[in-house]
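File shown here: run_9.txt, holding compact mmCIF, C-alpha atoms.
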```
# COMPACT_ATOMS: atom_id res chain seq x y z
CA MET Y 1 48.64 -18.64 -14.62
CA SER Y 2 45.37 -17.82 -16.31
CA LYS Y 3 45.29 -15.17 -19.01
CA PRO Y 4 44.26 -11.62 -18.10
CA LYS Y 5 40.63 -10.57 -17.94
CA PHE Y 6 39.10 -7.10 -18.21
CA VAL Y 7 35.68 -6.25 -16.78
CA TYR Y 8 33.84 -2.97 -17.30
CA VAL Y 9 30.41 -2.12 -15.91
CA VAL Y 10 28.31 0.86 -16.94
CA TYR Y 11 24.75 1.81 -16.00
CA ILE Y 12 22.63 3.32 -18.77
CA GLN Y 13 19.20 4.94 -18.66
CA ALA Y 14 17.72 2.80 -21.41
CA THR Y 15 16.01 -0.55 -21.94
CA PRO Y 16 17.91 -3.82 -22.52
CA GLU Y 17 16.50 -3.92 -26.07
CA LYS Y 18 17.87 -0.43 -26.81
CA VAL Y 19 21.31 -1.40 -25.52
CA TRP Y 20 21.32 -4.63 -27.54
CA GLN Y 21 20.30 -2.74 -30.67
CA ALA Y 22 23.10 -0.24 -30.08
CA LEU Y 23 25.67 -3.05 -30.05
CA ILE Y 24 24.69 -4.39 -33.49
CA ASP Y 25 23.20 -1.46 -35.45
CA PRO Y 26 25.85 0.02 -37.80
CA GLU Y 27 24.15 3.43 -37.79
CA MET Y 28 24.63 3.50 -34.01
CA THR Y 29 28.06 1.85 -33.67
CA LYS Y 30 29.60 4.23 -36.22
CA ASP Y 31 28.97 7.12 -33.83
CA TYR Y 32 30.28 5.68 -30.55
CA TRP Y 33 32.66 2.91 -31.68
CA GLY Y 34 35.27 4.80 -33.69
CA ARG Y 35 33.31 4.86 -36.99
CA HIS Y 36 33.20 1.07 -37.13
CA ARG Y 37 30.35 -1.37 -37.45
CA ASN Y 38 29.71 -4.95 -36.39
CA THR Y 39 28.35 -7.29 -39.07
CA SER Y 40 26.82 -10.74 -38.57
CA ASP Y 41 23.45 -12.47 -38.58
CA TRP Y 42 24.08 -12.85 -34.81
CA LYS Y 43 23.19 -16.55 -34.73
CA PRO Y 44 25.30 -18.91 -32.61
CA GLY Y 45 28.10 -20.32 -34.74
CA SER Y 46 27.99 -17.49 -37.28
CA ALA Y 47 30.96 -15.29 -38.07
CA TRP Y 48 31.04 -11.64 -37.05
CA ARG Y 49 33.34 -8.79 -38.07
CA HIS Y 50 34.25 -5.42 -36.64
CA GLU Y 51 35.00 -3.29 -39.70
CA ASN Y 52 35.47 0.27 -40.84
CA TYR Y 53 32.05 1.79 -41.56
CA ASP Y 54 33.28 3.56 -44.70
CA GLU Y 55 35.72 0.90 -45.96
CA PRO Y 56 34.29 -2.53 -45.05
CA ASP Y 57 37.42 -4.27 -46.39
CA ASP Y 58 39.32 -2.65 -43.53
CA VAL Y 59 38.53 -5.29 -40.89
CA ALA Y 60 39.81 -4.71 -37.35
CA ILE Y 61 38.46 -7.77 -35.51
CA VAL Y 62 36.94 -11.09 -36.56
CA GLY Y 63 35.32 -13.86 -34.58
CA THR Y 64 32.43 -16.23 -34.02
CA VAL Y 65 29.12 -15.73 -32.25
CA VAL Y 66 29.27 -18.17 -29.31
CA GLU Y 67 26.00 -17.26 -27.62
CA SER Y 68 23.23 -14.89 -28.62
CA ASN Y 69 20.31 -14.43 -26.26
CA ARG Y 70 18.67 -11.19 -27.28
CA PRO Y 71 18.54 -8.78 -25.45
CA HIS Y 72 20.44 -10.14 -22.46
CA ARG Y 73 23.63 -11.93 -23.40
CA LEU Y 74 25.98 -11.89 -26.38
CA VAL Y 75 29.23 -13.87 -26.35
CA LEU Y 76 31.77 -13.43 -29.15
CA THR Y 77 35.26 -14.66 -29.90
CA TRP Y 78 37.62 -11.83 -30.80
CA LYS Y 79 40.81 -11.87 -32.83
CA ARG Y 80 42.77 -9.71 -35.22
CA PRO Y 81 42.34 -10.96 -38.83
CA GLU Y 82 46.07 -11.54 -39.18
CA GLY Y 83 46.59 -12.90 -35.67
CA ASN Y 84 46.30 -16.22 -33.86
CA ASP Y 85 45.39 -15.06 -30.36
CA VAL Y 86 41.69 -15.56 -29.69
CA SER Y 87 40.02 -13.80 -26.79
CA ARG Y 88 36.36 -13.80 -25.77
CA VAL Y 89 33.95 -10.94 -25.07
CA THR Y 90 30.69 -11.30 -23.16
CA PHE Y 91 28.06 -8.55 -23.10
CA ASP Y 92 25.61 -9.00 -20.23
CA VAL Y 93 22.63 -6.65 -20.44
CA GLU Y 94 20.49 -6.63 -17.30
CA ALA Y 95 17.57 -4.43 -16.29
CA TYR Y 96 18.46 -2.69 -13.02
CA LYS Y 97 15.71 -0.51 -11.48
CA ASP Y 98 14.98 2.13 -14.14
CA SER Y 99 18.25 1.51 -15.99
CA VAL Y 100 20.39 -1.16 -17.59
CA ARG Y 101 23.57 -2.61 -16.16
CA LEU Y 102 25.86 -3.44 -19.07
CA THR Y 103 28.81 -5.65 -18.12
CA VAL Y 104 31.53 -6.25 -20.70
CA THR Y 105 33.86 -9.11 -19.77
CA HIS Y 106 36.86 -9.55 -22.06
CA GLU Y 107 38.79 -12.74 -21.23
CA GLU Y 108 41.69 -14.88 -22.41
CA LEU Y 109 43.67 -11.78 -23.34
CA THR Y 110 47.29 -11.35 -24.31
CA ALA Y 111 49.17 -8.57 -22.55
CA GLU Y 112 49.15 -6.52 -25.75
CA MET Y 113 45.40 -6.93 -26.34
CA LEU Y 114 44.71 -6.20 -22.65
CA GLN Y 115 46.48 -2.87 -23.02
CA ALA Y 116 44.60 -2.00 -26.21
CA ILE Y 117 41.12 -2.88 -24.97
CA SER Y 118 41.67 -1.38 -21.49
CA ALA Y 119 41.99 1.98 -23.20
CA GLY Y 120 39.22 1.27 -25.70
CA TRP Y 121 36.27 -0.11 -23.76
CA PRO Y 122 35.87 2.77 -21.26
CA ALA Y 123 35.80 5.32 -24.11
CA VAL Y 124 33.46 3.28 -26.33
CA LEU Y 125 31.06 2.37 -23.53
CA SER Y 126 31.06 5.90 -22.04
CA SER Y 127 30.08 7.22 -25.45
CA LEU Y 128 27.43 4.52 -25.89
CA LYS Y 129 25.86 5.65 -22.61
CA THR Y 130 26.01 9.31 -23.66
CA MET Y 131 24.41 8.50 -27.01
CA LEU Y 132 21.52 6.50 -25.52
CA GLU Y 133 20.85 9.06 -22.78
CA THR Y 134 21.30 12.33 -24.70
CA GLY Y 135 20.75 11.35 -28.35
CA ALA Y 136 24.30 12.25 -29.40
CA SER Y 137 27.53 10.34 -28.89
CA MET Y 138 30.82 11.89 -27.74
CA PRO Y 139 32.67 13.42 -30.74
CA MET Y 140 35.95 11.69 -29.84
CA THR Y 141 34.44 8.28 -30.67
CA ARG Y 142 32.98 9.27 -34.06
CA GLN Y 143 36.25 8.81 -35.96
CA PRO Y 144 38.55 5.79 -36.39
CA TRP Y 145 41.15 5.19 -33.70
CA HIS Y 146 44.18 5.66 -35.95
CA VAL Y 147 42.90 9.09 -36.97
CA ARG Y 148 42.45 9.98 -33.33
CA ALA Y 149 45.96 8.85 -32.49
CA ALA Y 150 47.36 10.94 -35.36
CA VAL Y 151 45.42 13.98 -34.21
CA ARG Y 152 46.65 13.53 -30.67
CA ASN Y 153 50.27 13.23 -31.76
CA MET E 1 50.06 7.32 -7.05
CA PRO E 2 51.50 10.42 -5.40
CA GLN E 3 54.63 9.58 -3.44
CA GLU E 4 54.69 12.57 -1.11
CA ALA E 5 53.35 12.47 2.43
CA ALA E 6 50.31 14.56 3.26
CA GLY E 7 52.12 16.63 5.85
CA ASP E 8 50.53 17.60 9.15
CA CYS E 9 47.07 16.08 9.18
CA GLY E 10 45.70 18.17 12.02
CA GLY E 11 46.72 15.80 14.79
CA MET E 12 46.18 12.63 12.77
CA ARG E 13 49.16 10.55 11.84
CA MET E 14 50.96 11.27 8.60
CA ILE E 15 49.78 9.43 5.50
CA ASP E 16 52.52 7.76 3.51
CA THR E 17 50.77 7.33 0.18
CA SER E 18 53.60 5.19 -1.19
CA LYS E 19 52.29 2.38 1.04
CA PHE E 20 48.97 2.32 -0.85
CA LYS E 21 48.61 0.03 -3.86
CA PRO E 22 45.78 0.54 -6.38
CA ASN E 23 43.27 -2.32 -6.33
CA THR E 24 40.30 -0.87 -8.16
CA VAL E 25 40.41 1.59 -11.06
CA TYR E 26 37.38 2.91 -12.93
CA VAL E 27 37.59 5.18 -15.97
CA THR E 28 34.69 7.11 -17.43
CA TYR E 29 34.56 9.79 -20.10
CA ILE E 30 32.17 12.69 -19.47
CA ALA E 31 30.88 15.36 -21.84
CA ALA E 32 31.69 18.28 -19.53
CA THR E 33 34.55 20.58 -18.57
CA PRO E 34 37.18 19.64 -15.95
CA GLU E 35 35.77 22.40 -13.73
CA LYS E 36 32.26 20.91 -13.90
CA VAL E 37 33.55 17.42 -13.06
CA TRP E 38 35.53 18.88 -10.15
CA GLN E 39 32.39 20.60 -8.89
CA ALA E 40 30.38 17.39 -9.17
CA LEU E 41 32.97 15.58 -7.04
CA THR E 42 33.30 18.24 -4.33
CA ASP E 43 29.94 20.03 -4.05
CA PRO E 44 27.26 18.47 -1.77
CA ALA E 45 24.50 19.73 -4.07
CA PHE E 46 25.91 17.32 -6.66
CA THR E 47 27.03 14.38 -4.52
CA ARG E 48 23.59 14.03 -2.92
CA GLN E 49 22.17 13.40 -6.39
CA TYR E 50 24.53 10.67 -7.57
CA PHE E 51 26.34 9.29 -4.48
CA ALA E 52 23.54 7.28 -2.82
CA GLY E 53 22.26 10.48 -1.16
CA PHE E 54 25.52 11.29 0.65
CA GLU E 55 26.60 14.91 1.00
CA ILE E 56 30.30 15.69 0.83
CA ASP E 57 31.71 17.99 3.50
CA VAL E 58 35.32 18.81 2.73
CA GLU E 59 37.82 21.43 3.85
CA PRO E 60 39.33 22.58 0.54
CA ARG E 61 43.01 22.13 1.32
CA GLN E 62 45.63 19.42 1.74
CA GLY E 63 45.28 17.96 5.24
CA GLY E 64 41.71 19.24 5.55
CA GLY E 65 38.88 17.11 6.89
CA PHE E 66 36.65 15.07 4.58
CA ARG E 67 33.25 13.56 5.34
CA LEU E 68 30.41 11.92 3.45
CA ARG E 69 27.24 12.51 5.47
CA TYR E 70 23.85 10.87 5.44
CA PRO E 71 20.99 13.28 4.68
CA ASP E 72 20.34 13.53 8.44
CA GLY E 73 23.92 14.73 9.07
CA ARG E 74 25.39 11.51 10.47
CA VAL E 75 28.84 10.64 9.18
CA HIS E 76 29.14 7.67 6.80
CA MET E 77 32.71 8.13 5.60
CA SER E 78 35.50 10.23 7.06
CA GLY E 79 39.11 10.99 6.17
CA ARG E 80 41.66 13.62 5.27
CA VAL E 81 42.45 15.44 2.06
CA VAL E 82 45.76 14.15 0.71
CA GLU E 83 45.73 16.26 -2.45
CA TRP E 84 43.52 19.19 -3.42
CA SER E 85 44.52 20.38 -6.90
CA PRO E 86 41.47 21.79 -8.69
CA PRO E 87 40.47 20.88 -11.33
CA ARG E 88 42.97 18.05 -11.87
CA ARG E 89 43.32 15.82 -8.79
CA PHE E 90 41.36 15.24 -5.58
CA SER E 91 42.65 12.56 -3.23
CA CYS E 92 41.38 11.60 0.23
CA THR E 93 41.78 8.90 2.82
CA TRP E 94 38.52 7.05 3.50
CA LEU E 95 37.33 5.30 6.61
CA VAL E 96 33.83 3.85 6.80
CA GLU E 97 32.98 5.47 10.11
CA GLY E 98 29.23 4.97 10.01
CA MET E 99 29.13 1.15 9.93
CA PRO E 100 30.08 -1.32 12.67
CA ASP E 101 33.11 -3.52 11.85
CA PHE E 102 33.88 -1.49 8.71
CA ARG E 103 35.20 1.31 10.91
CA GLU E 104 37.85 -1.09 12.30
CA LEU E 105 39.42 -1.56 8.85
CA PRO E 106 42.47 0.50 7.83
CA GLU E 107 41.58 3.60 5.83
CA CYS E 108 41.86 3.42 2.07
CA LEU E 109 42.95 6.09 -0.38
CA VAL E 110 40.57 7.33 -3.08
CA THR E 111 41.98 9.50 -5.86
CA TYR E 112 40.10 11.20 -8.66
CA ASP E 113 42.15 12.28 -11.68
CA ILE E 114 40.51 14.63 -14.17
CA GLU E 115 42.07 15.06 -17.64
CA PRO E 116 40.86 16.77 -20.80
CA ALA E 117 40.31 14.13 -23.52
CA GLY E 118 39.06 14.75 -27.05
CA GLY E 119 36.78 17.65 -26.12
CA ALA E 120 35.48 15.74 -23.12
CA VAL E 121 36.91 14.75 -19.73
CA LYS E 122 38.53 11.49 -18.70
CA LEU E 123 37.78 10.80 -15.03
CA THR E 124 39.84 8.07 -13.36
CA MET E 125 38.93 6.84 -9.88
CA THR E 126 41.62 4.83 -8.11
CA GLU E 127 40.92 3.02 -4.84
CA ALA E 128 44.19 2.06 -3.14
CA HIS E 129 44.96 0.13 0.03
CA SER E 130 47.85 -0.27 2.46
CA TRP E 131 47.18 -3.98 3.05
CA ASN E 132 46.32 -7.11 1.10
CA VAL E 133 42.53 -6.69 0.95
CA PRO E 134 40.45 -9.85 0.30
CA ASP E 135 38.44 -9.85 -2.94
CA ASP E 136 35.19 -10.17 -0.99
CA ILE E 137 35.87 -6.77 0.58
CA LEU E 138 37.11 -5.18 -2.66
CA ALA E 139 33.82 -6.37 -4.19
CA GLY E 140 32.03 -3.53 -2.39
CA GLY E 141 33.91 -0.82 -4.26
CA ARG E 142 33.96 -2.81 -7.48
CA ALA E 143 30.14 -3.01 -7.40
CA GLY E 144 29.64 0.53 -6.15
CA TRP E 145 31.98 2.72 -8.20
CA PRO E 146 30.53 1.88 -11.65
CA ALA E 147 27.04 2.76 -10.38
CA ILE E 148 28.12 5.95 -8.61
CA LEU E 149 30.27 7.22 -11.47
CA SER E 150 27.68 6.22 -14.11
CA SER E 151 25.22 8.33 -12.16
CA LEU E 152 27.66 11.25 -11.86
CA LYS E 153 28.07 11.15 -15.65
CA SER E 154 24.29 11.14 -16.15
CA VAL E 155 23.86 14.09 -13.77
CA LEU E 156 26.39 16.18 -15.70
CA GLU E 157 25.17 15.18 -19.15
CA THR E 158 21.40 14.96 -18.65
CA GLY E 159 20.66 16.47 -15.23
CA ARG E 160 19.06 13.18 -14.23
CA PRO E 161 20.77 10.78 -11.77
CA LEU E 162 20.34 7.01 -11.88
CA ASP E 163 18.38 5.09 -9.26
CA ILE E 164 21.28 2.98 -8.08
CA LYS E 165 20.86 2.46 -4.34
CA MET E 166 22.45 -0.93 -3.64
CA GLU E 167 23.30 -3.19 -0.74
CA PRO E 168 26.83 -4.46 0.00
CA PRO E 169 27.66 -7.71 -1.89
CA LYS E 170 26.52 -10.81 0.01
CA ASP E 171 29.92 -12.08 1.15
CA MET E 172 31.30 -8.68 2.04
CA MET E 173 29.93 -8.35 5.57
CA ALA E 174 31.31 -11.75 6.60
CA ALA E 175 34.71 -10.93 5.06
CA VAL E 176 34.84 -7.64 6.96
CA LYS E 177 33.98 -9.39 10.23
CA ARG E 178 36.75 -11.95 9.61
CA ALA E 179 39.30 -9.24 8.80
CA VAL E 180 38.45 -7.28 11.93
CA VAL E 181 39.15 -10.38 14.04
CA ASP E 182 42.29 -11.51 12.15
CA LYS E 183 43.72 -8.02 11.53
CA PRO E 184 45.86 -9.20 8.60
CA TRP E 185 47.24 -5.67 8.09
CA GLU E 186 49.21 -6.02 11.34
CA LYS E 187 51.08 -9.04 9.91
CA GLN E 188 51.64 -7.86 6.33
CA ALA E 189 54.43 -5.80 4.93
CA TRP E 190 54.13 -4.53 1.39
```

Represent the structure contained in this file as structure tokens.
Amino acid sequence: MSKPKFVYVVYIQATPEKVWQALIDPEMTKDYWGRHRNTSDWKPGSAWRHENYDEPDDVAIVGTVVESNRPHRLVLTWKRPEGNDVSRVTFDVEAYKDSVRLTVTHEELTAEMLQAISAGWPAVLSSLKTMLETGASMPMTRQPWHVRAAVRN
Amino acid sequence: MPQEAAGDCGGMRMIDTSKFKPNTVYVTYIAATPEKVWQALTDPAFTRQYFAGFEIDVEPRQGGGFRLRYPDGRVHMSGRVVEWSPPRRFSCTWLVEGMPDFRELPECLVTYDIEPAGGAVKLTMTEAHSWNVPDDILAGGRAGWPAILSSLKSVLETGRPLDIKMEPPKDMMAAVKRAVVDKPWEKQAW
């Protein structure tokens, strides 16, 4: 049996370039992606990291840039720094009428990672859309996930 | 999924929701109140903005009639209200009445769940079916819901819907025609 896959599509009133920029600009990701940032030179073969905006040594996800075709397609491998399970994320950014269709395809998942990202992507990508359309992200995505979980409990 | 039957559906047969299995789920978070999201889902002044021009016409009670109408009044989608619990859950059966072949398919069950989440609202749409639906038919909802619900979110947050009118996926029509001939739902037991 093949490993689980998660697909999420969201339409955003923005340009493909704006959406691409939002995926890699730390000043933007910190507001919609749980106060984290993505660091890399975004060249194929380069490393990338998803790390705490305030404490860069606190790294949540590491991987390699597989494909980088600005502003339309970004493919990354995705793994926890301490783990061995490698999954793959593809961001497809397409112009659609006066908007952008952003498709996030997360493949080769373990059951545990599927559960984690199934909760994460809809919140992160909803807030990304809100930020690009209104100028302000959703407050629930401006703080790290573990803080949010603690607040909720 | 709710397990209870819908009760007397005004002459229509009873709906046993336990026979419906979720096939497509879409989650979006919206900067609005649950009441506003409920209104956007149930008020024709909102649906015509984000739902490909369709106006909802719903009797606000369990067992009540449900329609999505074209701007000229013709019926596109029809069904019955299975659950009416403002502002938390709205569930209806759906039959594509306004399109040849599609109207021969068994009705599906569409449920909207609205939950407060971190100062915003988590909206979950679940499309469930009573038979083993081919992927080529599910592709219609899987293409449509993200566009419709992205537009709903934009309407509530910015007042501006998306231009998202789309055609059914290319293999969908053929798959529907095949299903109408084969009637797999008459041979399947969940």

Worksheet entry | Neighbour list for Val104 in chain Y as an MDAnalysis selection string, cut-off 7 Å, all atoms listed in the file, skip fewer than 6 positions in-chain | chainID Y and resid 7:9 89:92

Store the residues picked out above in a file with C-alpha atoms, as a short mmCIF file (atom, residue, chain, number, x, y, z; two decimals), in the frame of the given file.
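Result file selection-v3.cif:
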```cif
data_model
loop_
_atom_site.label_atom_id
_atom_site.label_comp_id
_atom_site.auth_asym_id
_atom_site.auth_seq_id
_atom_site.Cartn_x
_atom_site.Cartn_y
_atom_site.Cartn_z
CA VAL Y 7 35.68 -6.25 -16.78
CA TYR Y 8 33.84 -2.97 -17.30
CA VAL Y 9 30.41 -2.12 -15.91
CA VAL Y 89 33.95 -10.94 -25.07
CA THR Y 90 30.69 -11.30 -23.16
CA PHE Y 91 28.06 -8.55 -23.10
CA ASP Y 92 25.61 -9.00 -20.23
#
```

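The closest residue to Thr15 in chain Y, picked from Y:Pro81, Y:Pro144, Y:Pro71, Y:Gly135 and counting all atoms listed in the file, is Y:Pro71.
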
Practice prompt. Mind checking which residues fall within 10 Å of Ser137 in chain Y, counting only C-alpha atoms, ignoring those fewer than 6 positions away in the same chain, and posting them as a list in words?
Written response: Met28, Thr29, Lys30, Asp31, Tyr32, Trp33, Val124, Ser126, Ser127, Leu128, Lys129, Thr130 and Met131 of chain Y; Ala31 of chain E

Practice prompt. Enter the distance from CA of Gly98 in chain E to CA of Met77 in chain E, in Å, rounded to one decimal.
Written response: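 About the pair CA of Gly98 in chain E and CA of Met77 in chain E: they are 6.4 Å apart.
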
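The list of chain Y residues within 7 Å of chain E is Val9, Val10, Tyr11, Lys97, Asp98, Pro122, Ala123, Ser126, Thr134, Met138 and Met140 of chain Y; this uses all atoms listed in the file.
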
Include C-alpha atoms and write out the residues we just selected as a CSV table (one decimal), keeping the file's coordinate frame.
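Wrote it out as result.csv, contents follow:
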```csv
chain,number,residue,atom,x,y,z
Y,9,VAL,CA,30.4,-2.1,-15.9
Y,10,VAL,CA,28.3,0.9,-16.9
Y,11,TYR,CA,24.8,1.8,-16.0
Y,97,LYS,CA,15.7,-0.5,-11.5
Y,98,ASP,CA,15.0,2.1,-14.1
Y,122,PRO,CA,35.9,2.8,-21.3
Y,123,ALA,CA,35.8,5.3,-24.1
Y,126,SER,CA,31.1,5.9,-22.0
Y,134,THR,CA,21.3,12.3,-24.7
Y,138,MET,CA,30.8,11.9,-27.7
Y,140,MET,CA,36.0,11.7,-29.8
```

Response to the item:
With distances taken over all atoms listed in the file, the candidate from Y:Leu132, Y:Val75, Y:Val65, Y:Met113 nearest Ser99 in chain Y is Y:Leu132

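Here CA of Thr47 in chain E stands at a distance of 15.1 Å from CA of Met125 in chain E.
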
Practice prompt. Name the residues in contact with Leu105 in chain E at a cut-off of 12 Å, using only C-alpha atoms, excluding same-chain residues fewer than 4 positions from it; report them as a list in words.
Written response: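 In the requested form, the answer reads Trp94, Leu95, Val96, Glu97, Met99, Pro100, Asp101, His129, Ser130, Trp131, Asn132, Val133, Pro134, Ile137, Ala175, Val176, Lys177, Arg178, Ala179, Val180, Val181, Asp182, Lys183, Pro184, Trp185 and Glu186 of chain E.
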
Worksheet entry | Within-9 Å shell of (21.1, 0.3, -25.7) in input frame, only C-alpha atoms, as a list in words |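 These residues have at least one counted atom within 9 Å: Ile12, Gln13, Ala14, Thr15, Pro16, Glu17, Lys18, Val19, Trp20, Gln21, Ala22, Leu23, Val93, Val100, Leu102, Leu128, Lys129, Met131 and Leu132 of chain Y.
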
Discussion item. Can you measure CA of Asp43 in chain E to CA of Ala128 in chain E for me? One decimal in Å is fine.
Written reply: 23.0 Å

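Close contacts of Asp72 in chain E, defined as residues with an atom at most 10 Å away when counting all atoms listed in the file, with chain neighbours fewer than 2 positions off set aside, comprise Phe54, Glu55, Arg69, Tyr70, Arg74 and Val75 of chain E.
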
Fill in: For Lys170 in chain E: contacts at 10 Å, only C-alpha atoms, fewer than 2 positions along chain excluded, given as a list in words
Asp136, Ala139, Gly140, Glu167, Pro168, Met172, Met173, Ala174 and Ala175 of chain E

Practice prompt. In the coordinates of the file, take the point (34.8, 19.1, -9.5) and a cut-off of 10 Å; then, counting only C-alpha atoms, name each qualifying protein, DNA or RNA residue as a list in words.
Written response: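 Counting only C-alpha atoms, I find these residues within 10 Å of (34.8, 19.1, -9.5): Thr33, Pro34, Glu35, Lys36, Val37, Trp38, Gln39, Ala40, Leu41, Thr42, Asp43, Phe46, Pro86, Pro87, Arg88, Arg89, Phe90, Tyr112 and Ile114 of chain E.
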